[in-house]
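**Student:** What follows is input.csv; its format and atoms are CSV, C-alpha atoms.
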chain,number,residue,atom,x,y,z
Q,1,MET,CA,-12.3,-17.3,9.7
Q,2,HIS,CA,-14.9,-15.3,11.6
Q,3,GLU,CA,-16.7,-14.1,8.5
Q,4,PHE,CA,-18.8,-17.2,8.7
Q,5,SER,CA,-20.2,-16.1,12.1
Q,6,ILE,CA,-20.6,-12.6,10.7
Q,7,ALA,CA,-22.6,-14.1,7.8
Q,8,THR,CA,-24.7,-16.0,10.4
Q,9,ASP,CA,-25.4,-12.8,12.3
Q,10,LEU,CA,-26.3,-11.0,9.1
Q,11,ILE,CA,-28.8,-13.7,8.2
Q,12,ASP,CA,-30.3,-13.6,11.7
Q,13,LEU,CA,-30.8,-9.9,11.4
Q,14,VAL,CA,-32.4,-10.3,8.0
Q,15,ILE,CA,-34.8,-13.0,9.3
Q,16,SER,CA,-35.7,-10.9,12.3
Q,17,SER,CA,-36.5,-8.0,10.1
Q,18,MET,CA,-39.0,-9.9,8.0
Q,19,THR,CA,-41.3,-11.3,10.6
Q,20,GLU,CA,-44.3,-9.6,8.9
Q,21,TYR,CA,-43.7,-11.8,5.8
Q,22,PRO,CA,-43.3,-15.3,7.2
Q,23,GLY,CA,-43.4,-17.2,3.9
Q,24,ALA,CA,-41.2,-14.8,1.9
Q,25,LYS,CA,-38.0,-15.7,0.2
Q,26,VAL,CA,-35.0,-13.4,0.3
Q,27,LYS,CA,-33.7,-12.5,-3.2
Q,28,SER,CA,-30.9,-10.2,-2.4
Q,29,ILE,CA,-29.2,-8.5,0.6
Q,30,THR,CA,-27.2,-5.2,0.5
Q,31,VAL,CA,-24.6,-4.7,3.1
Q,32,SER,CA,-22.3,-1.6,3.6
Q,33,VAL,CA,-18.8,-2.7,4.6
Q,34,GLY,CA,-16.8,0.1,6.2
Q,35,ILE,CA,-13.2,0.1,5.1
Q,36,LEU,CA,-12.0,0.1,8.7
Q,37,SER,CA,-14.6,-2.4,9.9
Q,38,GLY,CA,-12.1,-5.3,10.1
Q,39,VAL,CA,-14.3,-7.4,7.8
Q,40,ASP,CA,-12.9,-9.0,4.7
Q,41,PRO,CA,-15.6,-8.6,1.9
Q,42,GLU,CA,-14.2,-11.6,-0.1
Q,43,ALA,CA,-14.3,-13.8,2.9
Q,44,LEU,CA,-17.8,-12.7,3.7
Q,45,GLN,CA,-18.9,-13.3,0.1
Q,46,PHE,CA,-17.3,-16.8,0.3
Q,47,CYS,CA,-19.0,-17.8,3.6
Q,48,PHE,CA,-22.4,-16.4,2.9
Q,49,PRO,CA,-23.9,-19.1,0.7
Q,50,GLU,CA,-23.0,-21.8,3.3
Q,51,ALA,CA,-24.4,-19.8,6.2
Q,52,ALA,CA,-27.6,-19.2,4.2
Q,53,LYS,CA,-28.3,-22.8,3.4
Q,54,GLY,CA,-31.6,-24.0,4.8
Q,55,THR,CA,-32.7,-20.4,5.8
Q,56,HIS,CA,-35.1,-18.0,4.0
Q,57,ALA,CA,-31.9,-16.4,2.5
Q,58,ASP,CA,-30.8,-19.6,0.8
Q,59,GLY,CA,-29.7,-18.7,-2.7
Q,60,ALA,CA,-30.0,-15.0,-2.1
Q,61,GLU,CA,-27.5,-12.6,-3.8
Q,62,LEU,CA,-25.2,-10.8,-1.4
Q,63,ILE,CA,-24.3,-7.3,-2.6
Q,64,LEU,CA,-21.4,-5.6,-0.7
Q,65,GLU,CA,-20.8,-1.9,-0.9
Q,66,MET,CA,-17.5,-0.7,0.4
Q,67,VAL,CA,-17.8,2.5,2.4
Q,68,PRO,CA,-14.8,4.8,2.7
Q,69,LEU,CA,-13.6,6.3,5.9
Q,70,ILE,CA,-15.3,9.7,6.1
Q,71,VAL,CA,-14.1,12.0,8.9
Q,72,ASP,CA,-15.1,15.4,10.1
Q,73,CYS,CA,-12.2,17.7,11.2
Q,74,PRO,CA,-13.1,20.4,13.7
Q,75,ASP,CA,-9.8,22.2,13.1
Q,76,CYS,CA,-10.2,22.9,9.4
Q,77,ALA,CA,-14.1,22.5,9.7
Q,78,THR,CA,-14.3,20.1,6.7
Q,79,ARG,CA,-15.4,16.6,5.9
Q,80,HIS,CA,-12.8,14.4,4.3
Q,81,ASP,CA,-12.1,11.0,2.9
Q,82,GLY,CA,-9.6,9.9,5.6
Q,83,GLY,CA,-8.1,7.0,3.5
Q,84,ARG,CA,-7.1,4.5,6.2
Q,85,SER,CA,-6.0,7.0,8.9
Q,86,LEU,CA,-7.6,9.0,11.7
Q,87,LYS,CA,-5.4,11.9,10.8
Q,88,CYS,CA,-7.1,14.8,8.9
Q,89,PRO,CA,-5.6,14.6,5.4
Q,90,LYS,CA,-5.8,18.3,5.0
Q,91,CYS,CA,-4.4,19.8,8.3
Q,92,GLY,CA,-3.0,16.7,10.1
Q,93,SER,CA,-5.3,17.1,13.1
Q,94,GLY,CA,-5.9,14.0,15.2
Q,95,ASP,CA,-9.2,15.3,16.6
Q,96,VAL,CA,-11.4,14.0,13.8
Q,97,THR,CA,-14.8,12.4,14.3
Q,98,VAL,CA,-15.5,9.3,12.2
Q,99,CYS,CA,-18.8,9.7,10.3
Q,100,TYR,CA,-18.7,6.5,8.1
Q,101,GLY,CA,-16.3,3.6,7.4
Q,102,LYS,CA,-15.9,1.7,10.7
Q,103,ASP,CA,-19.1,-0.4,10.6
Q,104,LEU,CA,-20.7,-3.3,8.9
Q,105,ILE,CA,-24.3,-2.3,8.2
Q,106,LEU,CA,-27.3,-4.2,6.8
Q,107,SER,CA,-28.7,-1.6,4.5
Q,108,THR,CA,-31.7,-3.2,2.7
Q,109,PHE,CA,-32.8,-6.6,1.4
Q,110,ASP,CA,-35.3,-7.7,-1.2
Q,111,ILE,CA,-37.9,-10.4,-0.7
Q,112,ASP,CA,-40.5,-12.2,-2.9
Q,113,ILE,CA,-43.8,-12.5,-1.1
Q,114,PRO,CA,-45.7,-15.6,-2.2
R,1,MET,CA,-40.3,-7.8,-5.1
R,2,THR,CA,-40.5,-5.9,-1.9
R,3,LYS,CA,-37.5,-3.9,-0.5
R,4,ILE,CA,-37.1,-3.8,3.2
R,5,ASP,CA,-35.0,-0.9,4.7
R,6,VAL,CA,-33.0,-1.9,7.7
R,7,LYS,CA,-29.9,0.3,8.2
R,8,LYS,CA,-28.7,-1.6,11.3
R,9,LYS,CA,-25.3,-2.8,12.4
R,10,VAL,CA,-24.8,-6.5,11.7
R,11,LEU,CA,-22.9,-6.9,14.9
R,12,ARG,CA,-25.6,-5.1,17.0
R,13,LYS,CA,-26.1,-8.1,19.2
R,14,ASN,CA,-22.5,-7.9,20.3
R,15,ASP,CA,-22.7,-4.1,20.6
R,16,GLU,CA,-25.7,-4.5,22.9
R,17,ALA,CA,-24.0,-7.1,25.0
R,18,ALA,CA,-20.9,-4.8,25.2
R,19,LEU,CA,-23.1,-1.9,26.3
R,20,LYS,CA,-24.5,-4.0,29.1
R,21,LEU,CA,-21.0,-4.9,30.2
R,22,LYS,CA,-20.0,-1.2,30.2
R,23,ALA,CA,-22.9,-0.5,32.5
R,24,ILE,CA,-21.9,-3.3,34.9
R,25,PHE,CA,-18.2,-2.1,34.9
R,26,ALA,CA,-19.4,1.5,35.6
R,27,GLU,CA,-21.6,0.4,38.4
R,28,LYS,CA,-18.8,-1.7,40.0
R,29,GLY,CA,-16.1,1.0,39.4
R,30,ILE,CA,-14.1,-1.4,37.2
R,31,LYS,CA,-11.9,-0.1,34.4
R,32,CYS,CA,-11.8,-2.6,31.6
R,33,PHE,CA,-8.9,-3.1,29.2
R,34,ASN,CA,-9.0,-5.2,26.0
R,35,LEU,CA,-5.5,-6.3,24.9
R,36,ILE,CA,-5.2,-7.3,21.3
R,37,GLY,CA,-2.1,-8.2,19.3
R,38,SER,CA,-0.5,-10.9,17.1
R,39,PRO,CA,0.2,-14.3,18.6
R,40,GLY,CA,3.6,-13.9,20.3
R,41,SER,CA,3.5,-10.1,20.5
R,42,GLY,CA,4.1,-10.3,24.2
R,43,LYS,CA,0.7,-9.7,25.7
R,44,THR,CA,1.0,-12.2,28.5
R,45,SER,CA,4.6,-11.3,29.3
R,46,VAL,CA,3.8,-7.6,29.6
R,47,LEU,CA,1.0,-8.5,32.0
R,48,GLU,CA,3.3,-10.8,34.0
R,49,ALA,CA,5.9,-8.0,34.3
R,50,ALA,CA,3.3,-5.5,35.3
R,51,PHE,CA,1.8,-7.8,38.0
R,52,GLU,CA,5.3,-8.5,39.3
R,53,MET,CA,6.3,-4.8,39.5
R,54,GLY,CA,2.9,-3.8,41.0
R,55,LYS,CA,2.8,-6.8,43.5
R,56,GLY,CA,0.6,-6.0,46.4
R,57,SER,CA,-0.7,-2.7,45.1
R,58,LEU,CA,-3.0,-3.8,42.2
R,59,LYS,CA,-6.6,-4.9,42.3
R,60,CYS,CA,-6.8,-6.5,38.9
R,61,ALA,CA,-8.4,-9.6,37.5
R,62,VAL,CA,-7.7,-11.1,34.0
R,63,ILE,CA,-9.9,-13.0,31.5
R,64,GLU,CA,-7.6,-14.9,29.1
R,65,GLY,CA,-8.7,-15.9,25.6
R,66,ASP,CA,-6.9,-18.6,23.6
R,67,VAL,CA,-7.8,-21.1,21.0
R,68,LYS,CA,-6.5,-23.9,23.2
R,69,THR,CA,-5.0,-24.5,26.7
R,70,ASP,CA,-5.2,-22.5,29.9
R,71,LYS,CA,-1.4,-21.9,29.9
R,72,ASP,CA,-1.8,-18.1,29.9
R,73,MET,CA,-4.3,-18.2,32.8
R,74,GLN,CA,-1.8,-20.3,34.8
R,75,ARG,CA,1.0,-17.8,34.2
R,76,ILE,CA,-1.2,-14.9,35.5
R,77,LYS,CA,-2.4,-16.9,38.5
R,78,LYS,CA,1.3,-17.5,39.5
R,79,LYS,CA,1.6,-13.7,39.9
R,80,GLY,CA,-1.2,-13.8,42.5
R,81,ILE,CA,-3.8,-12.2,40.2
R,82,PRO,CA,-7.3,-13.9,39.8
R,83,ALA,CA,-7.7,-15.2,36.3
R,84,VAL,CA,-10.1,-17.3,34.2
R,85,GLN,CA,-9.6,-18.8,30.8
R,86,ILE,CA,-11.9,-18.9,27.7
R,87,GLU,CA,-10.8,-21.6,25.3
R,88,THR,CA,-12.4,-20.7,21.9
R,89,ASP,CA,-11.6,-24.1,20.2
R,90,GLY,CA,-11.0,-22.3,16.9
R,91,ALA,CA,-12.8,-18.9,17.1
R,92,CYS,CA,-10.3,-16.1,16.3
R,93,HIS,CA,-11.6,-13.5,18.7
R,94,LEU,CA,-13.6,-13.1,22.0
R,95,ASN,CA,-17.1,-11.6,22.0
R,96,ALA,CA,-19.0,-9.7,24.6
R,97,GLU,CA,-21.3,-12.5,25.5
R,98,GLN,CA,-18.4,-14.7,26.5
R,99,ILE,CA,-17.0,-11.9,28.7
R,100,GLY,CA,-20.4,-11.6,30.4
R,101,ALA,CA,-20.5,-15.3,31.2
R,102,MET,CA,-17.2,-15.1,33.0
R,103,LEU,CA,-17.9,-12.2,35.4
R,104,ASN,CA,-19.4,-14.4,38.1
R,105,LYS,CA,-16.2,-16.4,38.2
R,106,LEU,CA,-14.2,-13.3,39.2
R,107,PRO,CA,-14.1,-11.3,42.4
R,108,THR,CA,-15.7,-8.3,40.7
R,109,GLU,CA,-16.6,-6.6,44.1
R,110,GLU,CA,-12.9,-6.5,45.0
R,111,ILE,CA,-11.2,-5.3,41.8
R,112,ASN,CA,-11.0,-1.9,40.1
R,113,CYS,CA,-9.4,-3.2,36.9
R,114,LEU,CA,-10.4,-6.0,34.5
R,115,ILE,CA,-7.9,-7.0,31.8
R,116,ILE,CA,-9.1,-9.1,28.9
R,117,GLU,CA,-6.3,-10.7,26.9
R,118,ASN,CA,-7.9,-11.4,23.6
R,119,VAL,CA,-7.0,-14.3,21.2
R,120,GLY,CA,-3.8,-13.5,19.4
R,121,ASN,CA,-5.0,-12.0,16.1
R,122,LEU,CA,-4.6,-8.6,14.5
R,123,ILE,CA,-7.8,-8.7,12.4
R,124,CYS,CA,-10.8,-10.4,13.9
R,125,PRO,CA,-10.9,-8.8,17.4
R,126,THR,CA,-11.2,-5.4,15.7
R,127,SER,CA,-14.9,-5.8,15.1
R,128,TYR,CA,-15.9,-6.9,18.6
R,129,ASP,CA,-16.5,-4.5,21.4
R,130,LEU,CA,-16.0,-6.2,24.7
R,131,GLY,CA,-17.2,-3.3,26.8
R,132,GLU,CA,-13.7,-2.1,27.3
R,133,GLU,CA,-12.8,1.5,28.3
R,134,GLU,CA,-9.4,1.2,26.7
R,135,ARG,CA,-8.3,-1.1,23.8
R,136,ILE,CA,-4.6,-1.7,24.0
R,137,ILE,CA,-2.8,-3.0,20.9
R,138,VAL,CA,0.4,-4.8,21.8
R,139,ILE,CA,3.1,-5.0,19.1
R,140,SER,CA,6.6,-6.3,19.4
R,141,VAL,CA,9.7,-4.7,17.7
R,142,ALA,CA,10.2,-8.1,15.9
R,143,GLU,CA,7.0,-7.7,13.9
R,144,GLY,CA,8.1,-5.0,11.5
R,145,ASP,CA,8.1,-1.2,12.0
R,146,ASP,CA,5.5,-0.9,9.1
R,147,LYS,CA,3.0,-3.1,10.7
R,148,PRO,CA,0.6,-0.3,11.7
R,149,LEU,CA,0.4,0.8,8.1
R,150,LYS,CA,-0.5,-2.8,7.1
R,151,TYR,CA,-3.2,-3.2,9.7
R,152,PRO,CA,-5.0,0.2,9.9
R,153,SER,CA,-8.3,-1.3,11.2
R,154,ALA,CA,-6.6,-2.7,14.3
R,155,PHE,CA,-4.6,0.4,15.0
R,156,THR,CA,-7.5,2.8,14.5
R,157,SER,CA,-9.7,0.7,16.8
R,158,ALA,CA,-7.2,1.0,19.7
R,159,THR,CA,-6.7,3.8,22.2
R,160,VAL,CA,-3.3,2.7,23.6
R,161,MET,CA,-0.3,1.0,22.0
R,162,ILE,CA,2.3,-0.9,24.0
R,163,ILE,CA,5.5,-1.6,22.0
R,164,THR,CA,7.1,-4.7,23.5
R,165,LYS,CA,10.6,-6.4,23.4
R,166,ILE,CA,12.4,-3.1,22.9
R,167,ASP,CA,15.5,-4.7,24.2
R,168,LEU,CA,15.5,-6.8,21.0
R,169,ALA,CA,15.3,-3.8,18.7
R,170,PRO,CA,19.0,-3.7,17.6
R,171,TYR,CA,18.9,-7.4,16.8
R,172,VAL,CA,15.8,-7.3,14.6
R,173,ASP,CA,16.6,-4.1,12.7
R,174,SER,CA,13.8,-2.2,14.4
R,175,ASP,CA,13.6,1.5,15.2
R,176,PRO,CA,10.9,1.7,17.9
R,177,GLU,CA,10.5,5.5,17.1
R,178,THR,CA,9.6,4.6,13.5
R,179,LEU,CA,7.2,2.0,14.6
R,180,LYS,CA,5.6,4.5,17.0
R,181,ASN,CA,5.4,7.2,14.3
R,182,ASN,CA,3.9,4.8,11.8
R,183,ALA,CA,1.2,4.0,14.4
R,184,LEU,CA,0.6,7.7,15.1
R,185,SER,CA,0.2,8.5,11.4
R,186,VAL,CA,-2.7,6.1,11.3
R,187,ASN,CA,-4.1,7.0,14.7
R,188,PRO,CA,-2.7,10.2,16.2
R,189,ARG,CA,-4.7,9.7,19.4
R,190,LEU,CA,-2.8,6.6,20.5
R,191,LYS,CA,-1.1,6.7,23.9
R,192,VAL,CA,2.2,4.9,23.3
R,193,LEU,CA,4.2,3.0,25.8
R,194,MET,CA,7.6,1.5,25.0
R,195,THR,CA,8.4,-1.6,27.1
R,196,SER,CA,10.6,-4.6,27.7
R,197,ALA,CA,9.2,-7.3,30.0
R,198,LYS,CA,12.8,-8.7,30.1
R,199,THR,CA,14.5,-5.5,31.4
R,200,GLY,CA,11.4,-3.9,33.0
R,201,GLU,CA,11.8,-0.7,31.0
R,202,GLY,CA,8.6,1.2,30.6
R,203,ILE,CA,6.6,-1.3,32.7
R,204,ASP,CA,6.0,1.2,35.4
R,205,ARG,CA,3.9,3.3,33.1
R,206,PHE,CA,1.7,0.3,32.4
R,207,VAL,CA,1.4,-0.4,36.1
R,208,GLU,CA,0.3,3.2,36.6
R,209,MET,CA,-2.4,2.7,33.9
R,210,ILE,CA,-3.9,-0.4,35.6
R,211,SER,CA,-3.7,0.9,39.1
Show me this structure written as structure tokens.

**Tutor:**
Amino acid sequence: MHEFSIATDLIDLVISSMTEYPGAKVKSITVSVGILSGVDPEALQFCFPEAAKGTHADGAELILEMVPLIVDCPDCATRHDGGRSLKCPKCGSGDVTVCYGKDLILSTFDIDIP
Amino acid sequence: MTKIDVKKKVLRKNDEAALKLKAIFAEKGIKCFNLIGSPGSGKTSVLEAAFEMGKGSLKCAVIEGDVKTDKDMQRIKKKGIPAVQIETDGACHLNAEQIGAMLNKLPTEEINCLIIENVGNLICPTSYDLGEEERIIVISVAEGDDKPLKYPSAFTSATVMIITKIDLAPYVDSDPETLKNNALSVNPRLKVLMTSAKTGEGIDRFVEMIS
């Protein structure tokens, strides 16, 4: 289950983003999970506590926000929720550009500074 | 409590490593393909068939990824194509760092095509860019014509689909056109090849792609 290594990468990114606060403890982490990112949110939630043990994020709450697939269609010049398809839901065009929904993004995290 | 705004991709380390690979491939004139597909979809067989058909005319090398054994690497080498094996010992996908570490074991100055055969898995490889120019999703007719609808992340991440084992379609109640249309409904931009490694049908188009 690769969500454990994803959890580790997430924690590494959090730690590297708080170097100005060396003694701080992470209280919560908010992550955007794109619906087509290939990441299983339940598996990530399951792996996170173990991956966080012994780090500044030990005991932190992991908040996952699912992000839908949002596509821009040049043929009907509109932005749509693409569901789970790269086909424009309105005109069927395959020339859409993906705006959101394919990535796993660390949005924000909260820390307690001692 | 202090809130820290980040807004960065969690897998940015892999993305950065993949960008470095893209630059290396561009500099060396190498077109890179990342083959993904379920275990048993026919990834290695379609490569063997292509290397047999294109014998003497191809300048390819292969990086094989499997949980265990180097059996697939041995199969490729028997076709006269340089190949190396990554054994992941449990990891369900390859990453860009692993690919980078293999490049000095291959004759990169003599090839124009690098094919990475990923670990058999239709979920995990989706998230990991390996620096490829084309991601080929390999799916056999025995896997169910509705598979693209069940695995949209994998099919939307690919640029090419190779349908394999079409000679078996009548025996497994598959209609390859339905399978193709299901995939195109999820990703209309997929280039689709219909092949049989057994009969050789459609392999010439794949050979053309890797020439």

**Student:** With 10 Å as the limit and counting all atoms listed in the file, what residues in chain Q lie close to chain R? Please list them as a ChimeraX atom specification.

**Tutor:** /Q:1-3,5-14,17-18,24-32,34-40,82-88,92-96,102-114

**Student:** From the set R:Lys68, R:Lys78, R:Lys147, R:Lys198, which residue has the shortest atom-to-atom contact distance to Lys55 in chain R, counting all atoms listed in the file?

**Tutor:**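 Looking at the shortest contact to Lys55 in chain R, the residue is R:Lys78.
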
**Student:** Just give me the gap between CA of Ile115 in chain R and CA of Val138 in chain R in Å, one decimal is fine.

**Tutor:**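 Value for the CA of Ile115 in chain R-CA of Val138 in chain R distance: 13.2 Å.
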
**Student:** Can you tell me which residues surround Asp81 in chain Q at a distance of at most 12 Å, considering all atoms listed in the file, apart from same-chain residues fewer than 6 positions away, and format the answer as an NGL selection string?

**Tutor:** :Q and (35 or 67-73 or 87-90 or 96-101)

**Student:** Rounded to one decimal place, report the CA of Ala51 in chain Q-CA of Phe4 in chain Q distance in Å.

**Tutor:**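 Atom-to-atom, CA of Ala51 in chain Q to CA of Phe4 in chain Q, that is 6.7 Å.
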
**Student:** Provide the CA of Ser196 in chain R to CA of Lys165 in chain R distance in Å, to one decimal place.

**Tutor:** 4.7 Å

**Student:** Could you give me, as a ChimeraX atom specification, the residues within 9 Å of Leu179 in chain R, counting all atoms listed in the file and dropping anything in the same chain fewer than 5 positions from it?

**Tutor:** /R:141,144-148,163,174,184

**Student:** Would you please work out which residue, of R:Asn121, R:Thr108, R:Thr178, R:Thr159, is nearest to Glu133 in chain R when using all atoms listed in the file?

**Tutor:** R:Thr159
